[in-house]
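The structure appears right after this line, and notes come after that.
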Amino acid sequence: MSRKGLMRFLIAAAVSATALFGSMSVSAAETTQDTLTVAMGSDATSIDPVAVCNVYSSNIMAQIYDTLIDVAEDGTVTPRLAESYEVSDDGLTYTFKIRQGVKFHNGDELKASDVAYSLKRAQASAAVAHIFGDIDPDSFEVPDDYTVSFKLQQQNTGFIAGLANTGASIVPEAVVEAEGDNFGSNPIGTGPFKFVSWTKNDTIELERNDDYFGEKPALSKITFRIITEATNRAIELESGGVDMAFDISTNDISRVEDNSNLQLIRKVDNQTTFLAFNCEKEPWNNPDVRQAISYALDTTAICNAVWRGVGAPAAGPIAPNVKYHDNDLTPHEYNVEKAKELLAAAGIQEGQKLVISTNERQERIDMATIIQSQLKEVGIDVEIEVLEWGALLDKADRREQDAIMVGWTCQTADPDMAVYAVFHSQTNGQVGNNYANFSSEKVDELLEKGRSMPDSEDREAVYKELQEEIAAEAPWVFLNNGEVVVGAKANMKGFEPTAYGYHPLYNIYFE
């Protein structure tokens, strides 16, 4: 970014301060309740920002840590830990001026050296390297306690948006070095809430950071309760056991809407739910077999039966409200006879087994059950394996699955994250989120070209071609584009869900 870009940032900082600070305008004295209990469907797997990349963990991280900047869904950049930044004319060198007087939760002052350390960790981490891997780790310069600069190894248009992702959260170097792997279960940040305790698969407790550099939250405490069964989350919400529940199921929407003591909050998000084949495992390494499965599935009927108006049937890897979504794509054609022809030509015998692994989310189990029935018609015998979230990710990391049904959320304002992390060959094996173990020179070329181009019609054309190529290779069966569906007490205010799958809770108060 040129100095003109810097000026745009400073203007945005001046007029949009409410994005982070001004919106926290309700004091503890003005809220009728200063504690919040939230039901989540799965536990975090780590609270170290570079150890994992999933929405359950990020929902905790978003309360504990700060990033250098925030990037709104429309791409507007506003300050957080950075007061200002500049990007060189060649788009490679980034320089940040860091806010002075910010304290970590242990009382130590944030320094530019902590920023450099945090971003170096992100660059080296398999979990978030798809966002930060272009950083040159040897390029960092810290001329004083409040200035840090570094270079990218190549231009990356989506990089600035990535700096608002929880993977770019700033951590204290001395504490991380002392704690080692334990930091992920005993984290320290600069954010509006401090970590208190974590009982695995049960509760995570946070308390207000009274030394926070921005506006103080009205809430003094947040407790996350892990309640895997969706109906139990709704029951706990009705009974007052929780104040807020994530992932209200389609079966429970009406019971929340019809309860005058509750409210239902919905927002279209950036998630695509999909069935990913293990593309290095026979017979799923054959794209004709993968296409046959796509032909055999009536994904529109599946989504209508399971989601009942929540979200929409998916047609491609980039969700509809993400930049450069291809509006010309439609859900895959349903053609049982074509599926049978392709399977026969590939030598697939009646009774071919396919194990679909997924987590406890009821909608995914229901989709897998319908898929099991539909694939029976073309001679594929499906076994459904339901695993706890962490166990499912462990299996996927080992690439032991036949196929996995999960969701992927574009957690930045740029489409690069929607696709690079899950389709580039560098992120398959055990080094990233390419759970399909998918590899294609053509797809790699388009991904690399797309992330290096400035926003333009030419860049949009690259992403259009990319989406068409992925659809042709069929590493995924695209199932559903999602919505945030949250239930809460009727008097809860200040909650603004994001499209990124994790949500700030520090603006919440109760009337």
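We name chains A, B, ... following the order of the structure tokens; residues begin at 1 in each chain, and ligands are numbered from 1 as shown.
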Closest-contact table, segment 324-435 of chain A side, partner segment 482-493 of chain A, 12 Å, counting only C-alpha atoms, as a Markdown table:
```
| residue | atom | partner | partner_atom | distance |
| --- | --- | --- | --- | --- |
| A:Glu363 | CA | A:Gly482 | CA | 11.3 |
| A:Val406 | CA | A:Gly482 | CA | 11.8 |
| A:Gly407 | CA | A:Gly482 | CA | 8.9 |
| A:Trp408 | CA | A:Gly482 | CA | 10.0 |
| A:Thr409 | CA | A:Gly482 | CA | 9.2 |
| A:Cys410 | CA | A:Gly482 | CA | 11.6 |
```
>> Run DSSP on the backbone and tell me which residues of segment 121-224 of chain A come out as helix (DSSP H, G or I); list them as a PyMOL selection string.
In response: chain A and resi 121-124+129-132+159-162+166-168+173-185
Take the residues just selected and output them with C-alpha atoms as a compact mmCIF listing (two decimals), in the first residue's frame.
```
# COMPACT_ATOMS: atom_id res chain seq x y z
CA ARG A 121 5.26 -18.71 14.38
CA ALA A 122 2.27 -18.33 12.07
CA GLN A 123 4.47 -18.56 8.99
CA ALA A 124 6.04 -21.80 10.22
CA ALA A 129 0.63 -21.50 6.72
CA HIS A 130 -1.99 -21.22 3.97
CA ILE A 131 -2.55 -17.66 5.22
CA PHE A 132 0.94 -16.66 6.35
CA PHE A 159 -2.59 -11.32 2.92
CA ILE A 160 -3.81 -8.12 4.59
CA ALA A 161 -7.22 -9.72 5.18
CA GLY A 162 -5.44 -12.71 6.70
CA THR A 166 -7.20 -15.49 14.70
CA GLY A 167 -4.10 -17.23 13.34
CA ALA A 168 -2.41 -13.81 13.37
CA GLU A 173 7.21 -14.41 23.20
CA ALA A 174 8.61 -15.03 26.68
CA VAL A 175 5.50 -16.89 27.87
CA VAL A 176 5.20 -19.07 24.78
CA GLU A 177 8.87 -20.01 24.95
CA ALA A 178 8.51 -20.90 28.63
CA GLU A 179 5.25 -22.84 28.22
CA GLY A 180 6.03 -24.67 24.99
CA ASP A 181 3.20 -26.98 23.93
CA ASN A 182 1.32 -26.14 27.15
CA PHE A 183 0.59 -22.63 25.86
CA GLY A 184 -2.39 -23.96 23.89
CA SER A 185 -4.16 -24.93 27.11
```
> Using only C-alpha atoms, which residues sit within 12 Å of segment 140-145 of chain A once same-chain residues fewer than 6 positions away are excluded, as a PyMOL selection string?
Replying inline: chain A and resi 93-102+109-120+123+151-152
> Can you tell me how far atom CA of Trp198 of chain A sits from atom CA of Ile222 of chain A, in Å to one decimal?
Replying inline: 12.1 Å
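From atom CA of Phe104 of chain A back to atom CA of Asp48 of chain A, the distance works out to 15.0 Å.
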>> as a list in words, please: every residue in segment 210-248 of chain A that a backbone DSSP assignment puts in strand (DSSP E).
In response: Lys221, Ile222, Thr223, Phe224, Arg225, Ile226, Met244 and Ala245 of chain A
May I have the residues from that selection written out with N, CA and C atoms, as a PDB file, in the first residue's frame?
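After the write, out24.pdb holds the following:
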```
ATOM      1  N   LYS A 221     -17.563 -12.164  33.011  1.00  0.00           N
ATOM      2  CA  LYS A 221     -17.181 -13.572  32.884  1.00  0.00           C
ATOM      3  C   LYS A 221     -17.923 -14.200  31.706  1.00  0.00           C
ATOM      4  N   ILE A 222     -17.230 -15.055  30.970  1.00  0.00           N
ATOM      5  CA  ILE A 222     -17.845 -15.880  29.929  1.00  0.00           C
ATOM      6  C   ILE A 222     -17.510 -17.331  30.219  1.00  0.00           C
ATOM      7  N   THR A 223     -18.525 -18.177  30.213  1.00  0.00           N
ATOM      8  CA  THR A 223     -18.335 -19.619  30.355  1.00  0.00           C
ATOM      9  C   THR A 223     -18.857 -20.305  29.105  1.00  0.00           C
ATOM     10  N   PHE A 224     -18.001 -21.073  28.460  1.00  0.00           N
ATOM     11  CA  PHE A 224     -18.411 -21.902  27.331  1.00  0.00           C
ATOM     12  C   PHE A 224     -18.694 -23.307  27.846  1.00  0.00           C
ATOM     13  N   ARG A 225     -19.886 -23.798  27.581  1.00  0.00           N
ATOM     14  CA  ARG A 225     -20.233 -25.173  27.929  1.00  0.00           C
ATOM     15  C   ARG A 225     -20.283 -26.007  26.656  1.00  0.00           C
ATOM     16  N   ILE A 226     -19.633 -27.159  26.684  1.00  0.00           N
ATOM     17  CA  ILE A 226     -19.602 -28.040  25.522  1.00  0.00           C
ATOM     18  C   ILE A 226     -20.789 -28.991  25.623  1.00  0.00           C
ATOM     19  N   MET A 244     -27.002 -18.416  25.788  1.00  0.00           N
ATOM     20  CA  MET A 244     -26.789 -18.337  24.344  1.00  0.00           C
ATOM     21  C   MET A 244     -26.353 -19.712  23.864  1.00  0.00           C
ATOM     22  N   ALA A 245     -26.809 -20.118  22.686  1.00  0.00           N
ATOM     23  CA  ALA A 245     -26.444 -21.430  22.149  1.00  0.00           C
ATOM     24  C   ALA A 245     -26.098 -21.300  20.679  1.00  0.00           C
TER      25      ALA A 245
END
```
